[in-house]
Amino acid sequence: MKPILIAECCQNHNGNQEILKKQIHTAAENGADFVKIQAIRSKELSHRPRFDEGETHADGTIKTIKRPYDAELARLSKLDLSLDDEAWFVEECWRAGVAPMTTAFTRTGAREIKDLGYEAIKIASYDCASYPLLREVAKYWKNVFVSTGATYDNEIEKAAQVLKEVNLHLLHCVTIYPTPMDELNLKRMSFLRRYSHNVGYSDHSHVETTGLWASKIALALGANSIERHYTVLEKDETKDGPVSIKPHQLKELRSFADLSRQEMMEQIKKGYPEWEKTIGNITRPLSHAEKLNRDYFRGRFASLVDGKLIYNWEEVEF
């Protein structure tokens with residue numbers, strides 16, 4: 001079976017349906033198997049005051065990243081997609097001949113979209129250990145993709161157990177944006193294969209400086225899916241632009257993914273001789289940058305129930 005390519009529209013549509021439509025159709029035309037959006041609800045953004053100003057240790061190292069709530073709320077509110085928008089997205093993907101996928105960020109969000117027709121659901125890295133959310137999506141979808149960045153080994157193991165009844169795809173991911181090539185640790189995919197036959201890579205490397213090499217090396221090392229942020233805009237027109245690929249790059253990645261692994265490796269050795277620096281280790285401690293991002297993004301969104309925020313990891317019935 002050929003590798004799955006996921007074109008992640010993320011926030012690159014800028015809340016504009018015409019831009020999103022262009023993303024869908026150009027992705028389909030250039031070899032994507034799935035086009036994905038993110039079911040972000042700005043109203044579910046969690047206000048945690050310690051991130052408003054950030055914190056620094058006495059020696060100057062960052063203790064808490066600075067991500068002011070008001071500014072983030074204002075930014076995300078412009079990107080909200082309504083349920084009607086999401087229903088349109090699903091149908092537009094069908095019209096383009098590509099499978100629709102989304103990321104569920106909360107349990108209430110998952111319930112809202114469960115009947116829209118998404119063929120698969122994605123769980124972001126920071127919710128890999130949010131077991132109530134995993135159980136929620138397992139009720140509605142059999143194809144579940146879970147990123148594993150900034151997640152501890154025992155959390156991944158438990159997540160796989162929670163999702164043992166679904167068709168689980170585990171995606172290796174490094175939650176540094178953009179990810180340096182010598183921190184890719186692609187050997188982690190071997191660890192993930194302990195828990196699923198479907199192991200892929202969610203790539204956040206810097207497209208302008210390192211091109212498609214991270215994704216290509218992952219494919220040569222056996223990744224059976226690649227997720228890449230995708231845009232039809234210029235890199236400075238959206239927040240995710242620097243880690244997003246364009247239509248011609250998606251087409252190039254599709255052509256590469258369809259090669260034999262031997263042919264892939266021949267191209268890599270010729271075009272990126274230092275490829276072995278991307279391998280890393282099967283197990284490793286999280287870096288300081290990953291821990292900082294985990295601290296912020298885990299809990300960034302929460303279900304809003306009767307005026308109260310319920311975090312995805314909380315064992316609360318509602």
# chains A, B, ... in the order shown; residues from 1 in each chain; ligands from 1
$ select_by_dssp --residues "segment 177-215 of chain A" --states "strand (DSSP E or B)" --output "ChimeraX atom specification"
/A:179,198-203,205
$ write_last_selection --atoms "C-alpha atoms" --output "PDB file, in the first residue's frame"
ATOM      1  CA  THR A 179      12.203  21.380  13.852  1.00  0.00           C
ATOM      2  CA  ASN A 198       0.519   2.155  11.084  1.00  0.00           C
ATOM      3  CA  VAL A 199       3.358   4.535  11.913  1.00  0.00           C
ATOM      4  CA  GLY A 200       3.982   7.832  10.201  1.00  0.00           C
ATOM      5  CA  TYR A 201       5.563  11.230  10.658  1.00  0.00           C
ATOM      6  CA  SER A 202       4.110  14.691  11.224  1.00  0.00           C
ATOM      7  CA  ASP A 203       6.717  17.037   9.784  1.00  0.00           C
ATOM      8  CA  SER A 205      10.771  21.157   9.520  1.00  0.00           C
TER       9      SER A 205
END
$ closest_atom_pairs --of "segment 108-202 of chain A" --to "segment 37-47 of chain A" --cutoff "12 Å" --atoms "only C-alpha atoms" --output "CSV"
residue,atom,partner,partner_atom,distance
A:Thr108,CA,A:Glu44,CA,9.5
A:Gly109,CA,A:Ala39,CA,7.0
A:Ala110,CA,A:Ala39,CA,8.4
A:Arg111,CA,A:Ala39,CA,11.2
A:Glu112,CA,A:Ala39,CA,9.7
A:Ile113,CA,A:Ala39,CA,8.4
A:Lys114,CA,A:Ala39,CA,11.4
A:Leu116,CA,A:Ala39,CA,11.9
A:Tyr118,CA,A:Ile37,CA,10.5
A:Ala120,CA,A:Ile37,CA,11.3
A:Ile121,CA,A:Gln38,CA,9.9
A:Lys122,CA,A:Gln38,CA,8.8
A:Ile123,CA,A:Gln38,CA,10.0
A:Ala124,CA,A:Gln38,CA,9.8
$ write_last_selection --atoms "N, CA and C atoms" --output "CSV table (one decimal), in the first residue's frame"
chain,number,residue,atom,x,y,z
A,108,THR,N,-16.2,18.2,23.6
A,108,THR,CA,-17.4,18.8,23.1
A,108,THR,C,-17.3,19.0,21.6
A,109,GLY,N,-16.1,19.4,21.2
A,109,GLY,CA,-15.8,19.6,19.7
A,109,GLY,C,-16.0,18.3,19.0
A,110,ALA,N,-15.5,17.2,19.5
A,110,ALA,CA,-15.7,15.9,18.9
A,110,ALA,C,-17.1,15.5,18.7
A,111,ARG,N,-17.9,15.8,19.7
A,111,ARG,CA,-19.4,15.5,19.6
A,111,ARG,C,-20.1,16.3,18.6
A,112,GLU,N,-19.7,17.6,18.5
A,112,GLU,CA,-20.3,18.5,17.5
A,112,GLU,C,-20.1,18.0,16.1
A,113,ILE,N,-18.9,17.4,15.8
A,113,ILE,CA,-18.6,17.1,14.4
A,113,ILE,C,-18.7,15.6,14.0
A,114,LYS,N,-19.2,14.8,15.0
A,114,LYS,CA,-19.2,13.4,14.8
A,114,LYS,C,-20.0,12.9,13.6
A,116,LEU,N,-20.6,14.7,10.7
A,116,LEU,CA,-20.4,15.5,9.5
A,116,LEU,C,-19.8,14.8,8.3
A,118,TYR,N,-16.5,13.1,8.4
A,118,TYR,CA,-15.1,13.0,8.3
A,118,TYR,C,-14.7,11.6,8.3
A,120,ALA,N,-11.7,10.4,8.9
A,120,ALA,CA,-10.7,10.1,10.0
A,120,ALA,C,-10.7,11.3,10.9
A,121,ILE,N,-10.2,11.0,12.1
A,121,ILE,CA,-10.0,12.1,13.1
A,121,ILE,C,-8.5,12.1,13.5
A,122,LYS,N,-8.0,13.3,13.8
A,122,LYS,CA,-6.7,13.4,14.3
A,122,LYS,C,-6.7,14.0,15.7
A,123,ILE,N,-5.8,13.5,16.5
A,123,ILE,CA,-5.5,14.0,17.9
A,123,ILE,C,-4.1,14.6,17.9
A,124,ALA,N,-4.0,15.8,18.4
A,124,ALA,CA,-2.8,16.5,18.4
A,124,ALA,C,-1.9,15.9,19.5
$ closest_residue --among "A:Asn185, A:Ser125, A:Gln267, A:Thr283" --to "Ala159 of chain A" --atoms "only C-alpha atoms"
A:Ser125
$ closest_residue --among "A:Trp94, A:Trp88, A:Phe318, A:Trp313" --to "Phe301 of chain A" --atoms "only C-alpha atoms"
A:Trp313
$ residues_around --residues "Arg95 of chain A" --least-positions-apart "5" --cutoff "12 Å" --atoms "only C-alpha atoms" --output "ChimeraX atom specification"
/A:21,24-25,28-29,88-90,100
$ write_last_selection --atoms "C-alpha atoms" --output "short mmCIF file (atom, residue, chain, number, x, y, z; two decimals), in the first residue's frame"
data_model
loop_
_atom_site.label_atom_id
_atom_site.label_comp_id
_atom_site.auth_asym_id
_atom_site.auth_seq_id
_atom_site.Cartn_x
_atom_site.Cartn_y
_atom_site.Cartn_z
CA LYS A 21 -11.48 25.65 -1.34
CA ILE A 24 -8.68 21.37 -1.03
CA HIS A 25 -8.60 21.21 -4.81
CA ALA A 28 -6.26 16.72 -4.39
CA GLU A 29 -4.71 17.53 -7.76
CA TRP A 88 -19.19 22.31 3.47
CA PHE A 89 -15.51 21.34 3.85
CA VAL A 90 -16.36 17.64 4.03
CA PRO A 100 -11.67 14.82 4.68
#
$ closest_residue --among "A:Ile4, A:Val35, A:Leu309, A:Leu134" --to "His229 of chain A" --atoms "only C-alpha atoms"
A:Val35
$ decode --residues "segment 59-211 of chain A" --atoms "C-alpha atoms" --output "compact mmCIF listing (two decimals), in the first residue's frame"
# COMPACT_ATOMS: atom_id res chain seq x y z
CA ASP A 59 19.78 32.20 35.15
CA GLY A 60 17.79 33.56 32.21
CA THR A 61 16.32 30.30 30.94
CA ILE A 62 12.62 30.29 30.14
CA LYS A 63 10.36 28.71 32.73
CA THR A 64 7.01 29.49 31.06
CA ILE A 65 6.54 30.72 27.51
CA LYS A 66 4.75 34.01 26.90
CA ARG A 67 1.48 33.60 24.98
CA PRO A 68 -0.99 36.30 26.09
CA TYR A 69 -4.58 35.09 26.18
CA ASP A 70 -6.21 38.23 24.78
CA ALA A 71 -3.98 38.34 21.71
CA GLU A 72 -4.41 34.61 21.07
CA LEU A 73 -8.19 34.86 21.45
CA ALA A 74 -8.31 37.76 18.99
CA ARG A 75 -6.19 35.84 16.48
CA LEU A 76 -8.11 32.56 16.72
CA SER A 77 -11.54 34.19 16.61
CA LYS A 78 -10.79 35.26 13.03
CA LEU A 79 -10.09 31.64 12.09
CA ASP A 80 -13.19 30.00 13.56
CA LEU A 81 -15.05 27.66 11.23
CA SER A 82 -18.75 27.15 11.91
CA LEU A 83 -20.37 23.71 11.77
CA ASP A 84 -21.88 24.75 8.43
CA ASP A 85 -18.35 25.61 7.23
CA GLU A 86 -17.11 22.20 8.33
CA ALA A 87 -20.02 20.40 6.64
CA TRP A 88 -19.19 22.31 3.47
CA PHE A 89 -15.51 21.34 3.85
CA VAL A 90 -16.36 17.64 4.03
CA GLU A 91 -18.54 17.81 0.94
CA GLU A 92 -16.00 19.91 -0.95
CA CYS A 93 -13.35 17.28 -0.25
CA TRP A 94 -15.68 14.66 -1.71
CA ARG A 95 -16.24 16.84 -4.78
CA ALA A 96 -12.46 17.15 -5.18
CA GLY A 97 -11.92 13.41 -4.76
CA VAL A 98 -9.95 13.53 -1.53
CA ALA A 99 -10.74 12.26 1.98
CA PRO A 100 -11.67 14.82 4.68
CA MET A 101 -10.05 14.79 8.12
CA THR A 102 -10.00 17.15 11.09
CA THR A 103 -8.31 17.52 14.46
CA ALA A 104 -10.56 17.36 17.51
CA PHE A 105 -9.28 19.59 20.30
CA THR A 106 -12.00 18.96 22.90
CA ARG A 107 -14.59 16.35 23.82
CA THR A 108 -17.43 18.76 23.07
CA GLY A 109 -15.82 19.56 19.74
CA ALA A 110 -15.66 15.87 18.85
CA ARG A 111 -19.35 15.47 19.64
CA GLU A 112 -20.30 18.47 17.50
CA ILE A 113 -18.58 17.11 14.38
CA LYS A 114 -19.16 13.37 14.75
CA ASP A 115 -21.94 13.24 12.13
CA LEU A 116 -20.40 15.55 9.51
CA GLY A 117 -18.78 12.75 7.49
CA TYR A 118 -15.09 13.03 8.31
CA GLU A 119 -13.34 9.83 7.23
CA ALA A 120 -10.73 10.07 9.96
CA ILE A 121 -9.98 12.07 13.09
CA LYS A 122 -6.66 13.44 14.30
CA ILE A 123 -5.55 13.97 17.89
CA ALA A 124 -2.76 16.50 18.39
CA SER A 125 0.43 15.60 20.25
CA TYR A 126 -0.52 17.39 23.43
CA ASP A 127 -3.66 15.28 23.77
CA CYS A 128 -2.01 11.90 23.23
CA ALA A 129 -2.34 11.39 26.99
CA SER A 130 -5.85 12.88 27.23
CA TYR A 131 -7.52 9.52 27.61
CA PRO A 132 -11.13 10.76 28.06
CA LEU A 133 -10.78 12.57 24.71
CA LEU A 134 -9.34 9.42 23.10
CA ARG A 135 -12.26 7.36 24.38
CA GLU A 136 -14.64 10.02 23.05
CA VAL A 137 -13.31 9.95 19.48
CA ALA A 138 -13.15 6.14 19.50
CA LYS A 139 -16.94 6.12 19.83
CA TYR A 140 -17.37 7.89 16.50
CA TRP A 141 -14.38 7.06 14.27
CA LYS A 142 -12.54 3.88 13.38
CA ASN A 143 -9.65 5.69 11.67
CA VAL A 144 -7.76 7.64 14.33
CA PHE A 145 -4.43 9.42 13.83
CA VAL A 146 -2.52 10.44 16.98
CA SER A 147 0.60 12.58 17.05
CA THR A 148 3.06 11.67 19.79
CA GLY A 149 5.30 14.73 20.14
CA ALA A 150 6.14 15.93 23.66
CA THR A 151 4.59 12.75 25.04
CA TYR A 152 6.23 10.30 27.43
CA ASP A 153 6.67 6.64 26.49
CA ASN A 154 4.28 5.32 29.13
CA GLU A 155 1.62 7.78 27.94
CA ILE A 156 1.94 6.52 24.37
CA GLU A 157 1.62 2.93 25.55
CA LYS A 158 -1.57 3.73 27.46
CA ALA A 159 -3.00 5.71 24.55
CA ALA A 160 -2.51 2.70 22.27
CA GLN A 161 -4.31 0.53 24.81
CA VAL A 162 -7.22 2.96 25.02
CA LEU A 163 -7.48 2.95 21.21
CA LYS A 164 -6.91 -0.77 20.68
CA GLU A 165 -10.30 -1.24 18.98
CA VAL A 166 -9.71 1.37 16.25
CA ASN A 167 -7.48 1.55 13.19
CA LEU A 168 -4.76 3.50 14.99
CA HIS A 169 -2.11 5.53 13.17
CA LEU A 170 0.68 6.80 15.43
CA LEU A 171 2.59 9.78 14.08
CA HIS A 172 6.09 10.56 15.27
CA CYS A 173 6.41 14.28 15.83
CA VAL A 174 8.89 16.71 17.39
CA THR A 175 7.13 19.71 18.88
CA ILE A 176 9.71 22.32 18.00
CA TYR A 177 8.52 24.78 15.34
CA PRO A 178 10.35 24.60 13.00
CA THR A 179 12.20 21.38 13.85
CA PRO A 180 15.99 21.34 13.22
CA MET A 181 17.15 18.39 11.12
CA ASP A 182 19.46 17.10 13.85
CA GLU A 183 16.52 16.90 16.27
CA LEU A 184 14.13 14.87 14.10
CA ASN A 185 14.85 11.58 15.92
CA LEU A 186 13.18 9.56 13.17
CA LYS A 187 14.24 6.33 14.86
CA ARG A 188 11.34 6.96 17.24
CA MET A 189 9.14 5.43 14.57
CA SER A 190 10.66 2.07 15.52
CA PHE A 191 9.43 2.60 19.08
CA LEU A 192 5.93 3.45 17.87
CA ARG A 193 5.76 0.23 15.85
CA ARG A 194 5.52 -1.63 19.16
CA TYR A 195 1.99 -0.27 19.44
CA SER A 196 0.70 0.01 15.87
CA HIS A 197 1.45 -1.28 12.39
CA ASN A 198 0.52 2.15 11.08
CA VAL A 199 3.36 4.53 11.91
CA GLY A 200 3.98 7.83 10.20
CA TYR A 201 5.56 11.23 10.66
CA SER A 202 4.11 14.69 11.22
CA ASP A 203 6.72 17.04 9.78
CA HIS A 204 7.35 20.58 11.08
CA SER A 205 10.77 21.16 9.52
CA HIS A 206 11.65 24.47 7.87
CA VAL A 207 10.65 24.13 4.22
CA GLU A 208 12.66 27.08 2.93
CA THR A 209 15.98 25.84 4.33
CA THR A 210 15.61 22.04 4.34
CA GLY A 211 12.96 21.45 1.69
